[in-house]
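*Asks:* I am sharing run-v7.txt, which consists of compact mmCIF, C-alpha atoms:
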# COMPACT_ATOMS: atom_id res chain seq x y z
CA MET A 1 5.06 63.78 -4.07
CA ILE A 2 2.58 65.16 -6.57
CA PHE A 3 3.77 66.61 -9.88
CA ARG A 4 2.24 68.20 -12.94
CA GLN A 5 2.88 66.25 -16.13
CA GLY A 6 5.20 68.33 -18.28
CA GLU A 7 6.62 67.79 -21.73
CA VAL A 8 7.51 64.36 -23.03
CA HIS A 9 10.93 63.91 -24.63
CA LEU A 10 11.26 61.05 -27.09
CA PHE A 11 14.76 60.67 -28.53
CA ARG A 12 17.49 58.31 -29.59
CA LEU A 13 20.90 58.15 -27.95
CA GLU A 14 24.00 57.81 -30.12
CA GLU A 15 25.54 54.40 -30.75
CA GLY A 16 28.50 54.03 -28.38
CA GLU A 17 27.15 56.32 -25.63
CA ASP A 18 26.65 54.92 -22.16
CA LEU A 19 22.94 54.37 -21.57
CA LEU A 20 22.84 55.65 -17.98
CA GLN A 21 25.21 58.57 -18.48
CA GLY A 22 23.52 59.50 -21.75
CA ILE A 23 20.16 59.87 -20.02
CA VAL A 24 21.68 61.87 -17.15
CA ALA A 25 23.51 64.13 -19.61
CA TYR A 26 20.34 64.66 -21.64
CA CYS A 27 18.44 65.71 -18.48
CA ARG A 28 21.24 68.04 -17.38
CA GLU A 29 21.36 69.74 -20.78
CA ALA A 30 17.57 70.02 -21.03
CA GLY A 31 17.17 71.25 -17.44
CA ILE A 32 15.03 68.25 -16.45
CA GLU A 33 14.90 67.79 -12.66
CA GLN A 34 12.34 64.98 -12.37
CA ALA A 35 11.11 62.49 -14.93
CA VAL A 36 9.67 59.03 -15.36
CA VAL A 37 11.97 57.12 -17.72
CA SER A 38 11.43 54.25 -20.15
CA ALA A 39 13.42 52.96 -23.11
CA ILE A 40 13.84 50.12 -25.60
CA GLY A 41 16.64 49.27 -28.04
CA ALA A 42 19.80 47.19 -27.85
CA VAL A 43 22.99 47.44 -25.77
CA ARG A 44 26.45 45.88 -25.47
CA HIS A 45 28.33 44.61 -22.40
CA PRO A 46 25.80 45.79 -19.80
CA THR A 47 26.83 45.84 -16.13
CA ILE A 48 23.87 45.15 -13.85
CA GLY A 49 23.47 44.59 -10.14
CA ALA A 50 21.26 43.38 -7.32
CA TYR A 51 21.32 44.92 -3.85
CA ASP A 52 22.31 42.69 -0.94
CA PHE A 53 20.47 44.18 2.04
CA ALA A 54 22.35 41.99 4.54
CA GLN A 55 25.76 43.17 3.34
CA ALA A 56 24.61 46.62 2.14
CA VAL A 57 26.42 46.21 -1.19
CA TYR A 58 25.45 45.67 -4.81
CA HIS A 59 26.42 42.39 -6.44
CA ARG A 60 27.59 43.37 -9.91
CA LEU A 61 27.59 41.31 -13.08
CA THR A 62 28.79 42.22 -16.58
CA LEU A 63 27.15 40.40 -19.48
CA GLU A 64 29.22 40.03 -22.62
CA GLY A 65 28.07 40.85 -26.13
CA ASP A 66 24.84 42.26 -27.57
CA TRP A 67 21.52 42.25 -25.74
CA GLU A 68 18.09 43.50 -26.69
CA LEU A 69 17.08 46.34 -24.38
CA LEU A 70 13.66 44.91 -23.54
CA ALA A 71 12.76 47.45 -20.90
CA LEU A 72 14.34 50.29 -18.97
CA ASN A 73 12.26 51.59 -16.07
CA GLY A 74 12.83 54.17 -13.41
CA ASN A 75 13.08 57.82 -12.65
CA VAL A 76 15.20 60.94 -12.51
CA SER A 77 15.23 63.06 -9.36
CA SER A 78 17.98 64.64 -7.25
CA ALA A 79 20.14 63.30 -4.42
CA GLU A 80 21.90 64.85 -1.47
CA GLY A 81 25.57 65.28 -2.27
CA VAL A 82 25.13 64.58 -5.99
CA GLU A 83 25.51 67.38 -8.53
CA GLY A 84 22.76 67.53 -11.13
CA PRO A 85 20.09 64.95 -12.02
CA PHE A 86 20.22 61.49 -10.44
CA ALA A 87 18.82 58.54 -12.42
CA HIS A 88 17.68 55.29 -10.80
CA LEU A 89 17.04 52.73 -13.51
CA HIS A 90 16.37 48.99 -13.72
CA ILE A 91 16.95 47.11 -16.97
CA LEU A 92 15.69 43.96 -18.67
CA LEU A 93 17.91 42.37 -21.32
CA GLY A 94 17.11 39.77 -23.97
CA GLY A 95 19.55 37.25 -25.38
CA HIS A 96 19.47 36.01 -28.95
CA ASP A 97 17.74 32.82 -27.76
CA GLY A 98 14.92 34.77 -26.07
CA SER A 99 16.37 34.34 -22.57
CA VAL A 100 16.12 37.30 -20.20
CA ARG A 101 18.46 38.77 -17.60
CA GLY A 102 18.09 41.94 -15.59
CA GLY A 103 19.04 44.13 -12.67
CA HIS A 104 19.91 47.59 -11.44
CA LEU A 105 21.63 49.44 -14.31
CA PHE A 106 25.24 50.45 -13.75
CA SER A 107 26.37 50.84 -17.35
CA ALA A 108 25.67 49.64 -20.89
CA GLU A 109 27.02 50.69 -24.28
CA VAL A 110 24.19 51.87 -26.52
CA ARG A 111 23.62 50.09 -29.82
CA VAL A 112 20.18 51.66 -30.19
CA ALA A 113 18.26 53.42 -27.41
CA GLU A 114 14.84 54.99 -27.89
CA VAL A 115 14.20 56.87 -24.67
CA ALA A 116 10.95 58.42 -23.39
CA LEU A 117 11.21 60.98 -20.59
CA HIS A 118 7.93 62.08 -19.04
CA VAL A 119 9.02 65.32 -17.40
CA LEU A 120 7.47 66.10 -14.00
CA GLU A 121 6.98 69.72 -12.98
CA GLY A 122 7.18 70.55 -9.28
CA GLY A 123 9.48 69.25 -6.65
CA PRO A 124 12.30 69.00 -5.99
CA LEU A 125 12.17 65.34 -4.95
CA ARG A 126 15.47 64.60 -3.25
CA ARG A 127 17.14 61.35 -2.19
CA GLU A 128 18.91 61.13 1.17
CA PRO A 129 21.20 58.45 2.59
CA GLN A 130 19.27 55.79 4.52
CA SER A 131 20.26 53.37 7.28
CA ASN A 132 20.16 50.49 4.75
CA GLY A 133 22.93 52.13 2.71
CA LEU A 134 20.73 53.36 -0.14
CA LEU A 135 19.95 56.87 -1.38
CA LEU A 136 16.16 57.10 -1.17
CA TRP A 137 13.32 59.60 -1.16
CA PRO A 138 11.52 60.23 2.13
CA THR A 139 8.34 58.17 2.54
CA GLY A 140 4.93 59.39 3.79
CA GLU A 141 6.17 59.81 7.34
CA GLY A 142 8.87 62.00 5.82
CA GLY A 143 8.73 64.95 3.52
CA ASP A 144 6.18 64.12 0.84
CA GLU A 145 2.50 65.03 0.80
CA ARG A 146 1.10 61.54 1.04
CA MET B 1 -11.54 54.81 -23.21
CA ILE B 2 -9.96 58.23 -23.59
CA PHE B 3 -8.66 60.09 -20.55
CA ARG B 4 -7.02 63.42 -19.80
CA GLN B 5 -3.57 63.08 -18.29
CA GLY B 6 -3.78 64.28 -14.70
CA GLU B 7 -1.17 64.68 -11.99
CA VAL B 8 1.72 62.29 -11.65
CA HIS B 9 2.44 60.86 -8.20
CA LEU B 10 5.98 59.71 -7.55
CA PHE B 11 6.51 58.22 -4.10
CA ARG B 12 8.15 55.52 -2.06
CA LEU B 13 6.27 52.86 -0.14
CA GLU B 14 7.41 51.93 3.38
CA GLU B 15 9.66 48.92 3.91
CA GLY B 16 7.46 46.04 5.04
CA GLU B 17 4.28 47.20 3.26
CA ASP B 18 2.66 44.91 0.72
CA LEU B 19 3.39 46.23 -2.77
CA LEU B 20 -0.07 45.62 -4.24
CA GLN B 21 -2.05 46.68 -1.18
CA GLY B 22 0.19 49.70 -0.68
CA ILE B 23 -0.57 50.99 -4.17
CA VAL B 24 -4.31 50.35 -3.75
CA ALA B 25 -4.29 52.10 -0.36
CA TYR B 26 -2.41 55.07 -1.79
CA CYS B 27 -4.98 55.44 -4.59
CA ARG B 28 -7.89 55.14 -2.15
CA GLU B 29 -6.44 57.82 0.14
CA ALA B 30 -5.58 60.14 -2.75
CA GLY B 31 -8.94 59.65 -4.49
CA ILE B 32 -7.32 58.21 -7.62
CA GLU B 33 -9.83 56.26 -9.73
CA GLN B 34 -7.72 55.47 -12.79
CA ALA B 35 -3.97 55.44 -13.28
CA VAL B 36 -1.16 53.90 -15.27
CA VAL B 37 1.28 52.34 -12.81
CA SER B 38 5.00 51.63 -12.90
CA ALA B 39 7.58 50.95 -10.19
CA ILE B 40 11.12 49.78 -9.44
CA GLY B 41 12.86 48.76 -6.23
CA ALA B 42 13.29 45.50 -4.35
CA VAL B 43 10.86 43.06 -2.70
CA ARG B 44 10.83 39.94 -0.49
CA HIS B 45 8.90 36.69 -0.86
CA PRO B 46 6.79 37.73 -3.87
CA THR B 47 3.78 35.60 -4.83
CA ILE B 48 3.18 35.68 -8.58
CA GLY B 49 0.85 33.84 -10.92
CA ALA B 50 -0.01 32.90 -14.48
CA TYR B 51 -3.58 32.43 -15.68
CA ASP B 52 -4.58 29.02 -16.98
CA PHE B 53 -7.31 29.75 -19.52
CA ALA B 54 -8.23 26.05 -19.87
CA GLN B 55 -8.86 25.62 -16.16
CA ALA B 56 -9.83 29.26 -15.47
CA VAL B 57 -7.51 29.46 -12.46
CA TYR B 58 -4.26 31.20 -11.61
CA HIS B 59 -1.21 29.03 -11.00
CA ARG B 60 0.52 30.66 -8.02
CA LEU B 61 4.16 30.58 -7.06
CA THR B 62 5.94 32.13 -4.07
CA LEU B 63 9.62 32.97 -4.52
CA GLU B 64 11.73 33.00 -1.38
CA GLY B 65 14.11 35.76 -0.35
CA ASP B 66 15.02 39.12 -1.85
CA TRP B 67 14.41 40.09 -5.47
CA GLU B 68 15.12 43.23 -7.41
CA LEU B 69 11.84 44.80 -8.54
CA LEU B 70 12.87 45.21 -12.17
CA ALA B 71 9.52 46.37 -13.45
CA LEU B 72 5.94 46.71 -12.28
CA ASN B 73 3.44 47.48 -15.02
CA GLY B 74 -0.30 47.86 -15.10
CA ASN B 75 -3.20 50.02 -14.19
CA VAL B 76 -5.73 51.08 -11.62
CA SER B 77 -9.42 51.21 -12.52
CA SER B 78 -12.59 49.95 -10.84
CA ALA B 79 -14.38 46.59 -10.88
CA GLU B 80 -17.94 45.45 -10.44
CA GLY B 81 -18.44 44.18 -6.93
CA VAL B 82 -15.12 45.55 -5.66
CA GLU B 83 -15.07 48.49 -3.24
CA GLY B 84 -12.58 51.22 -4.16
CA PRO B 85 -9.72 51.18 -6.66
CA PHE B 86 -8.75 47.90 -8.37
CA ALA B 87 -5.12 47.39 -9.42
CA HIS B 88 -4.05 44.93 -12.13
CA LEU B 89 -0.26 44.62 -12.05
CA HIS B 90 2.39 42.37 -13.62
CA ILE B 91 5.85 42.14 -12.08
CA LEU B 92 9.38 41.29 -13.20
CA LEU B 93 11.85 40.13 -10.57
CA GLY B 94 15.63 39.86 -10.69
CA GLY B 95 17.71 37.36 -8.73
CA HIS B 96 21.18 38.09 -7.40
CA ASP B 97 22.67 36.17 -10.35
CA GLY B 98 20.83 38.34 -12.91
CA SER B 99 18.16 35.70 -13.59
CA VAL B 100 14.59 36.94 -14.09
CA ARG B 101 11.19 35.59 -13.02
CA GLY B 102 7.80 37.20 -13.39
CA GLY B 103 4.03 36.98 -13.42
CA HIS B 104 0.77 38.48 -12.27
CA LEU B 105 1.37 40.16 -8.90
CA PHE B 106 -0.51 38.72 -5.92
CA SER B 107 1.69 39.99 -3.10
CA ALA B 108 5.23 41.06 -2.28
CA GLU B 109 6.81 42.60 0.81
CA VAL B 110 8.38 45.95 -0.03
CA ARG B 111 12.10 46.43 0.61
CA VAL B 112 12.17 49.55 -1.55
CA ALA B 113 9.42 50.62 -3.96
CA GLU B 114 9.56 53.79 -6.05
CA VAL B 115 6.12 54.06 -7.62
CA ALA B 116 4.93 56.34 -10.43
CA LEU B 117 1.17 56.79 -10.85
CA HIS B 118 0.08 58.65 -13.97
CA VAL B 119 -3.42 59.69 -12.93
CA LEU B 120 -6.10 59.58 -15.65
CA GLU B 121 -9.02 62.00 -15.47
CA GLY B 122 -12.36 60.87 -16.90
CA GLY B 123 -14.04 57.53 -16.74
CA PRO B 124 -14.99 55.56 -14.81
CA LEU B 125 -13.46 52.52 -16.51
CA ARG B 126 -15.02 49.49 -14.87
CA ARG B 127 -14.15 45.78 -15.00
CA GLU B 128 -16.92 43.19 -15.30
CA PRO B 129 -16.83 39.41 -14.91
CA GLN B 130 -16.18 37.66 -18.25
CA SER B 131 -16.93 34.16 -19.53
CA ASN B 132 -13.21 33.27 -19.21
CA GLY B 133 -13.35 33.86 -15.47
CA LEU B 134 -11.49 37.20 -15.47
CA LEU B 135 -12.59 40.69 -14.45
CA LEU B 136 -12.02 42.79 -17.58
CA TRP B 137 -12.96 46.10 -19.16
CA PRO B 138 -15.39 46.06 -22.07
CA THR B 139 -13.70 46.10 -25.50
CA GLY B 140 -14.58 48.25 -28.50
CA GLU B 141 -17.80 46.36 -29.14
CA GLY B 142 -18.67 47.15 -25.55
CA GLY B 143 -18.73 50.36 -23.61
CA ASP B 144 -15.64 52.28 -24.62
CA GLU B 145 -15.34 54.89 -27.35
CA ARG B 146 -13.05 53.01 -29.66
CA MET C 1 12.15 65.61 -29.94
CA ILE C 2 9.93 67.40 -27.46
CA PHE C 3 6.20 66.73 -27.35
CA ARG C 4 3.20 67.93 -25.40
CA GLN C 5 1.49 65.17 -23.43
CA GLY C 6 -1.89 64.58 -25.03
CA GLU C 7 -4.76 62.27 -24.11
CA VAL C 8 -4.18 58.85 -22.63
CA HIS C 9 -6.03 55.92 -24.18
CA LEU C 10 -6.59 52.92 -21.95
CA PHE C 11 -8.37 50.02 -23.69
CA ARG C 12 -8.58 46.30 -24.15
CA LEU C 13 -7.91 44.53 -27.44
CA GLU C 14 -10.21 41.70 -28.53
CA GLU C 15 -9.24 38.10 -27.86
CA GLY C 16 -7.80 36.67 -31.08
CA GLU C 17 -6.46 40.00 -32.43
CA ASP C 18 -2.77 40.33 -33.18
CA LEU C 19 -1.16 42.44 -30.46
CA LEU C 20 1.11 44.49 -32.74
CA GLN C 21 -1.40 44.96 -35.55
CA GLY C 22 -4.17 45.73 -33.07
CA ILE C 23 -2.20 48.60 -31.58
CA VAL C 24 -1.27 49.95 -35.03
CA ALA C 25 -4.90 49.70 -36.17
CA TYR C 26 -6.11 51.47 -33.04
CA CYS C 27 -3.67 54.34 -33.65
CA ARG C 28 -4.64 54.60 -37.31
CA GLU C 29 -8.36 54.76 -36.48
CA ALA C 30 -7.83 57.25 -33.65
CA GLY C 31 -5.47 59.45 -35.68
CA ILE C 32 -2.60 58.92 -33.24
CA GLU C 33 0.77 59.80 -34.80
CA GLN C 34 3.07 59.45 -31.79
CA ALA C 35 2.60 57.66 -28.51
CA VAL C 36 4.42 55.94 -25.69
CA VAL C 37 3.00 52.42 -25.39
CA SER C 38 2.66 49.97 -22.51
CA ALA C 39 0.48 46.91 -21.96
CA ILE C 40 -0.13 43.85 -19.78
CA GLY C 41 -2.29 40.77 -20.27
CA ALA C 42 -1.75 37.34 -21.81
CA VAL C 43 -0.91 36.16 -25.34
CA ARG C 44 -0.61 32.94 -27.38
CA HIS C 45 2.13 31.78 -29.75
CA PRO C 46 4.22 34.99 -29.67
CA THR C 47 6.95 35.49 -32.28
CA ILE C 48 9.83 37.50 -30.88
CA GLY C 49 13.26 38.46 -32.18
CA ALA C 50 16.71 39.80 -31.40
CA TYR C 51 18.69 41.91 -33.84
CA ASP C 52 22.03 40.55 -35.03
CA PHE C 53 24.08 43.67 -35.80
CA ALA C 54 26.87 41.65 -37.47
CA GLN C 55 24.50 40.01 -39.96
CA ALA C 56 21.94 42.85 -40.01
CA VAL C 57 19.03 40.44 -39.54
CA TYR C 58 16.57 39.58 -36.79
CA HIS C 59 16.78 36.13 -35.24
CA ARG C 60 13.16 35.06 -34.83
CA LEU C 61 11.66 32.63 -32.36
CA THR C 62 8.07 31.49 -31.93
CA LEU C 63 7.04 30.34 -28.46
CA GLU C 64 4.19 27.84 -28.28
CA GLY C 65 1.15 28.12 -26.04
CA ASP C 66 -0.02 30.71 -23.54
CA TRP C 67 2.21 33.34 -21.94
CA GLU C 68 1.56 36.10 -19.47
CA LEU C 69 2.15 39.47 -21.13
CA LEU C 70 4.38 40.83 -18.35
CA ALA C 71 5.38 44.01 -20.12
CA LEU C 72 5.07 45.64 -23.51
CA ASN C 73 7.21 48.74 -23.97
CA GLY C 74 7.89 51.03 -26.86
CA ASN C 75 6.50 53.74 -29.03
CA VAL C 76 4.48 54.72 -32.07
CA SER C 77 5.92 57.16 -34.59
CA SER C 78 6.17 57.20 -38.39
CA ALA C 79 8.69 55.74 -40.81
CA GLU C 80 9.88 56.64 -44.28
CA GLY C 81 8.18 54.43 -46.81
CA VAL C 82 5.61 53.08 -44.34
CA GLU C 83 1.96 54.10 -44.61
CA GLY C 84 0.38 55.15 -41.30
CA PRO C 85 1.64 54.70 -37.75
CA PHE C 86 4.74 52.59 -37.08
CA ALA C 87 5.02 50.75 -33.76
CA HIS C 88 8.34 49.59 -32.27
CA LEU C 89 7.62 47.33 -29.31
CA HIS C 90 9.59 45.00 -27.05
CA ILE C 91 7.81 42.31 -25.06
CA LEU C 92 8.40 40.32 -21.86
CA LEU C 93 6.58 37.00 -21.51
CA GLY C 94 5.98 34.85 -18.43
CA GLY C 95 5.61 31.06 -18.46
CA HIS C 96 3.38 29.15 -16.06
CA ASP C 97 6.45 28.29 -13.96
CA GLY C 98 7.42 31.96 -13.55
CA SER C 99 10.17 31.77 -16.18
CA VAL C 100 10.58 34.78 -18.47
CA ARG C 101 11.39 35.16 -22.17
CA GLY C 102 11.43 38.28 -24.29
CA GLY C 103 12.43 40.13 -27.42
CA HIS C 104 11.39 42.46 -30.21
CA LEU C 105 7.68 41.86 -30.88
CA PHE C 106 6.78 40.50 -34.31
CA SER C 107 3.37 39.00 -33.54
CA ALA C 108 1.29 37.52 -30.73
CA GLU C 109 -2.33 36.42 -30.52
CA VAL C 110 -4.15 38.37 -27.83
CA ARG C 111 -5.76 36.45 -24.97
CA VAL C 112 -6.12 39.63 -22.92
CA ALA C 113 -4.35 42.93 -23.64
CA GLU C 114 -4.81 46.05 -21.55
CA VAL C 115 -3.05 48.78 -23.50
CA ALA C 116 -2.09 52.30 -22.39
CA LEU C 117 -1.23 54.82 -25.11
CA HIS C 118 0.19 58.13 -23.90
CA VAL C 119 -0.44 60.28 -26.97
CA LEU C 120 2.27 62.81 -27.84
CA GLU C 121 1.31 66.04 -29.60
CA GLY C 122 3.83 67.63 -31.93
CA GLY C 123 6.13 66.03 -34.38
CA PRO C 124 6.17 64.28 -36.72
CA LEU C 125 9.00 62.03 -35.51
CA ARG C 126 10.02 59.94 -38.49
CA ARG C 127 12.25 56.87 -38.83
CA GLU C 128 14.69 56.62 -41.70
CA PRO C 129 16.76 53.66 -42.94
CA GLN C 130 20.20 53.53 -41.26
CA SER C 131 23.51 51.97 -42.30
CA ASN C 132 22.99 49.22 -39.69
CA GLY C 133 19.86 48.05 -41.49
CA LEU C 134 17.35 49.47 -38.98
CA LEU C 135 14.65 52.12 -39.34
CA LEU C 136 15.55 54.72 -36.70
CA TRP C 137 14.88 58.30 -35.69
CA PRO C 138 17.63 60.86 -36.25
CA THR C 139 19.77 61.49 -33.14
CA GLY C 140 20.83 64.85 -31.69
CA GLU C 141 23.24 65.51 -34.53
CA GLY C 142 20.26 64.98 -36.81
CA GLY C 143 16.81 66.45 -36.86
CA ASP C 144 15.66 66.64 -33.26
CA GLU C 145 15.98 69.56 -30.88
CA ARG C 146 18.38 68.00 -28.46
Once you've parsed the file, please lay out its structure as structure tokens.

*Replies:*
Amino acid sequence: MIFRQGEVHLFRLEEGEDLLQGIVAYCREAGIEQAVVSAIGAVRHPTIGAYDFAQAVYHRLTLEGDWELLALNGNVSSAEGVEGPFAHLHILLGGHDGSVRGGHLFSAEVRVAEVALHVLEGGPLRREPQSNGLLLWPTGEGGDER
Amino acid sequence: MIFRQGEVHLFRLEEGEDLLQGIVAYCREAGIEQAVVSAIGAVRHPTIGAYDFAQAVYHRLTLEGDWELLALNGNVSSAEGVEGPFAHLHILLGGHDGSVRGGHLFSAEVRVAEVALHVLEGGPLRREPQSNGLLLWPTGEGGDER
Amino acid sequence: MIFRQGEVHLFRLEEGEDLLQGIVAYCREAGIEQAVVSAIGAVRHPTIGAYDFAQAVYHRLTLEGDWELLALNGNVSSAEGVEGPFAHLHILLGGHDGSVRGGHLFSAEVRVAEVALHVLEGGPLRREPQSNGLLLWPTGEGGDER
């Protein structure tokens, strides 16, 4: 789906906020329906996951302690059956020895989070339940203009 | 080189498509000549590489099975001797245990790919063969306005 | 803080330049006060870090040899007591075996660096010293419009 580039929001979440919920709450309050998201900073006790397509479930993993927030990538759109903005975000985390872990973001306590939201005007772009168990946008054969 | 920010395309590739070729094909069909690219999702059997500057070759590595697509970063421009849009993309992949691998993207079968293309208006920005064996844009001493 | 999306600069740094200082110098010369930054390429001998909140110091680590620049994420703004643009960047690095390391970027010698700067118009957005020892933007309770 094709959007016009809107405003860009660059802001810091509060220490102690949840990273995922903080971004969703920011979008709700600011009336942002679609955005491309990125962030850096540091988080505590992140819970990440990887999707098992055979079993149609996420494998979840909680990492203890402090981690550098090396990258947060993804988007905000909407989803059938979900009230308000829906964020789909993947995270990369750095240990104090330079090692890296990562996955689908479920939750993480913010130490520092500098978030950039590139707001997209147009839409809506809406996720729908798929046969593989995920909430996804339609592809080209579906509802977008590709 | 300085560009005007154009439209932003946010879309999902089909399951089974090649990630790199799918993005190139999308740009060709949409008439996109330059873009900043990002994506998240999941892929199968990715082939990644790292450039060996001493030997002027890429070391390639194919990873078996399913991987979270934690980040895809790079750009679309054009290249001397290459028909149509040229994508240069680096990928970060997450295993089901939270481990991370990554490199230059050669190929990967899409499970899910949510792609954001920030289209850049202006240019063209064109890669040319360099003495180190790579296809690169000119630097400031070369053709751009820096 | 809310910005208007300005021009997008897509350029290549010279081989041998420092990645961090090269981006800061580019912004200074181009009069860029705020930007969202991303890059891919390859670097040598990067020095990365992770912040220790208990001791209020960065743990630093220098990695020998060549690394793929898999992702560079962050922003340019300004900081109290710092002349000119201030870049806060996190880096992800790929080894020749596909392994990944990463952290806060202190320095890295450019082999190839393709940088995208999404310039933000508005501001200024200024970092100030915090009780945790870091230079950070105010949060919503502070000076931004959230």

*Asks:* Determine, counting only C-alpha atoms, which protein, DNA and RNA residues have an atom within 6 Å of an atom of region 127-142 of chain C; residues of the same chain fewer than 6 positions away are not included. Present the result as a PyMOL selection string.

*Replies:* (chain A and resi 12) or (chain C and resi 56+79-80)

*Asks:* Could you check which of B:His88, B:Cys27, B:Ala54, B:Met1 is closest to Phe106 (chain B), using only C-alpha atoms?

*Replies:*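 Closest residue, counting only C-alpha atoms: B:His88.
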
*Asks:* Which is closest to Gly49 (chain B) among B:Gly102, B:Gly94, B:Gly16, B:Gly84, if we use all atoms listed in the file?

*Replies:*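 Ranked by minimum distance to Gly49 (chain B), first place goes to B:Gly102.
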
*Asks:* Pull out every residue of chain A that has at least one atom within 7 Å of chain B, counting only C-alpha atoms, and report them as a PyMOL selection string.

*Replies:* chain A and resi 1-5+50+59+73-74+90-91+100-103+137+139

*Asks:* For a quick check of understanding, using all atoms listed in the file, which of B:Leu19, B:Gly31, B:Leu89, B:Leu125 has the smallest distance to Val43 (chain B)?

*Replies:*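 Result for the nearest residue to Val43 (chain B): B:Leu19.
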
*Asks:* What is the distance, in Å and to one decimal place, between CA of Thr47 (chain C) and CA of Val82 (chain C)?

*Replies:* 21.4 Å

*Asks:* So how many Å separate CA of Ala108 (chain A) and CA of Arg44 (chain A), to one decimal?

*Replies:*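 One can read the CA of Ala108 (chain A) to CA of Arg44 (chain A) distance as 6.0 Å.
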
*Asks:* When you draw a straight line from CA of Gln21 (chain C) to CA of Ala87 (chain C), how long is it in Å?

*Replies:*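 Straight-line distance from CA of Gln21 (chain C) to CA of Ala87 (chain C) works out to 8.8 Å.
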
*Asks:* Using only C-alpha atoms, which of A:Glu121, A:Asp18, A:Glu109, A:Glu33 sits nearest His45 (chain A)?

*Replies:*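 Of the candidates, the smallest distance to His45 (chain A) is held by A:Glu109.
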
*Asks:* For Arg28 (chain B), which residue among B:Glu83, B:Gly122, B:Leu105, B:Val57 is the nearest when counting all atoms listed in the file?

*Replies:* B:Glu83

*Asks:* Find the residue from A:Gly65, A:Val24, A:Leu120, A:Gln34 that sits nearest to Asp52 (chain C); use all atoms listed in the file when measuring.

*Replies:* A:Gly65

*Asks:* What would region 91-104 of chain C look like with N, CA and C atoms in place, written as a short mmCIF file (atom, residue, chain, number, x, y, z; two decimals), in the coordinates of the input?

*Replies:*
data_model
loop_
_atom_site.label_atom_id
_atom_site.label_comp_id
_atom_site.auth_asym_id
_atom_site.auth_seq_id
_atom_site.Cartn_x
_atom_site.Cartn_y
_atom_site.Cartn_z
N ILE C 91 8.77 43.04 -25.89
CA ILE C 91 7.81 42.31 -25.06
C ILE C 91 8.53 41.41 -24.06
N LEU C 92 7.93 41.27 -22.88
CA LEU C 92 8.40 40.32 -21.86
C LEU C 92 7.26 39.36 -21.55
N LEU C 93 7.58 38.05 -21.57
CA LEU C 93 6.58 37.00 -21.51
C LEU C 93 6.86 36.09 -20.33
N GLY C 94 5.80 35.71 -19.60
CA GLY C 94 5.98 34.85 -18.43
C GLY C 94 5.36 33.48 -18.65
N GLY C 95 6.13 32.42 -18.39
CA GLY C 95 5.61 31.06 -18.46
C GLY C 95 4.86 30.71 -17.20
N HIS C 96 4.21 29.55 -17.21
CA HIS C 96 3.38 29.15 -16.06
C HIS C 96 4.22 28.75 -14.86
N ASP C 97 5.52 28.59 -15.06
CA ASP C 97 6.45 28.29 -13.96
C ASP C 97 7.20 29.54 -13.50
N GLY C 98 6.77 30.72 -13.97
CA GLY C 98 7.42 31.96 -13.55
C GLY C 98 8.66 32.32 -14.35
N SER C 99 9.03 31.47 -15.32
CA SER C 99 10.17 31.77 -16.18
C SER C 99 9.81 32.90 -17.13
N VAL C 100 10.82 33.60 -17.65
CA VAL C 100 10.58 34.78 -18.47
C VAL C 100 11.38 34.71 -19.76
N ARG C 101 10.74 35.02 -20.88
CA ARG C 101 11.39 35.16 -22.17
C ARG C 101 11.03 36.53 -22.73
N GLY C 102 11.78 36.98 -23.73
CA GLY C 102 11.43 38.28 -24.29
C GLY C 102 12.23 38.65 -25.51
N GLY C 103 11.75 39.66 -26.23
CA GLY C 103 12.43 40.13 -27.42
C GLY C 103 11.63 41.22 -28.12
N HIS C 104 12.10 41.54 -29.31
CA HIS C 104 11.39 42.46 -30.21
C HIS C 104 10.09 41.77 -30.63
#
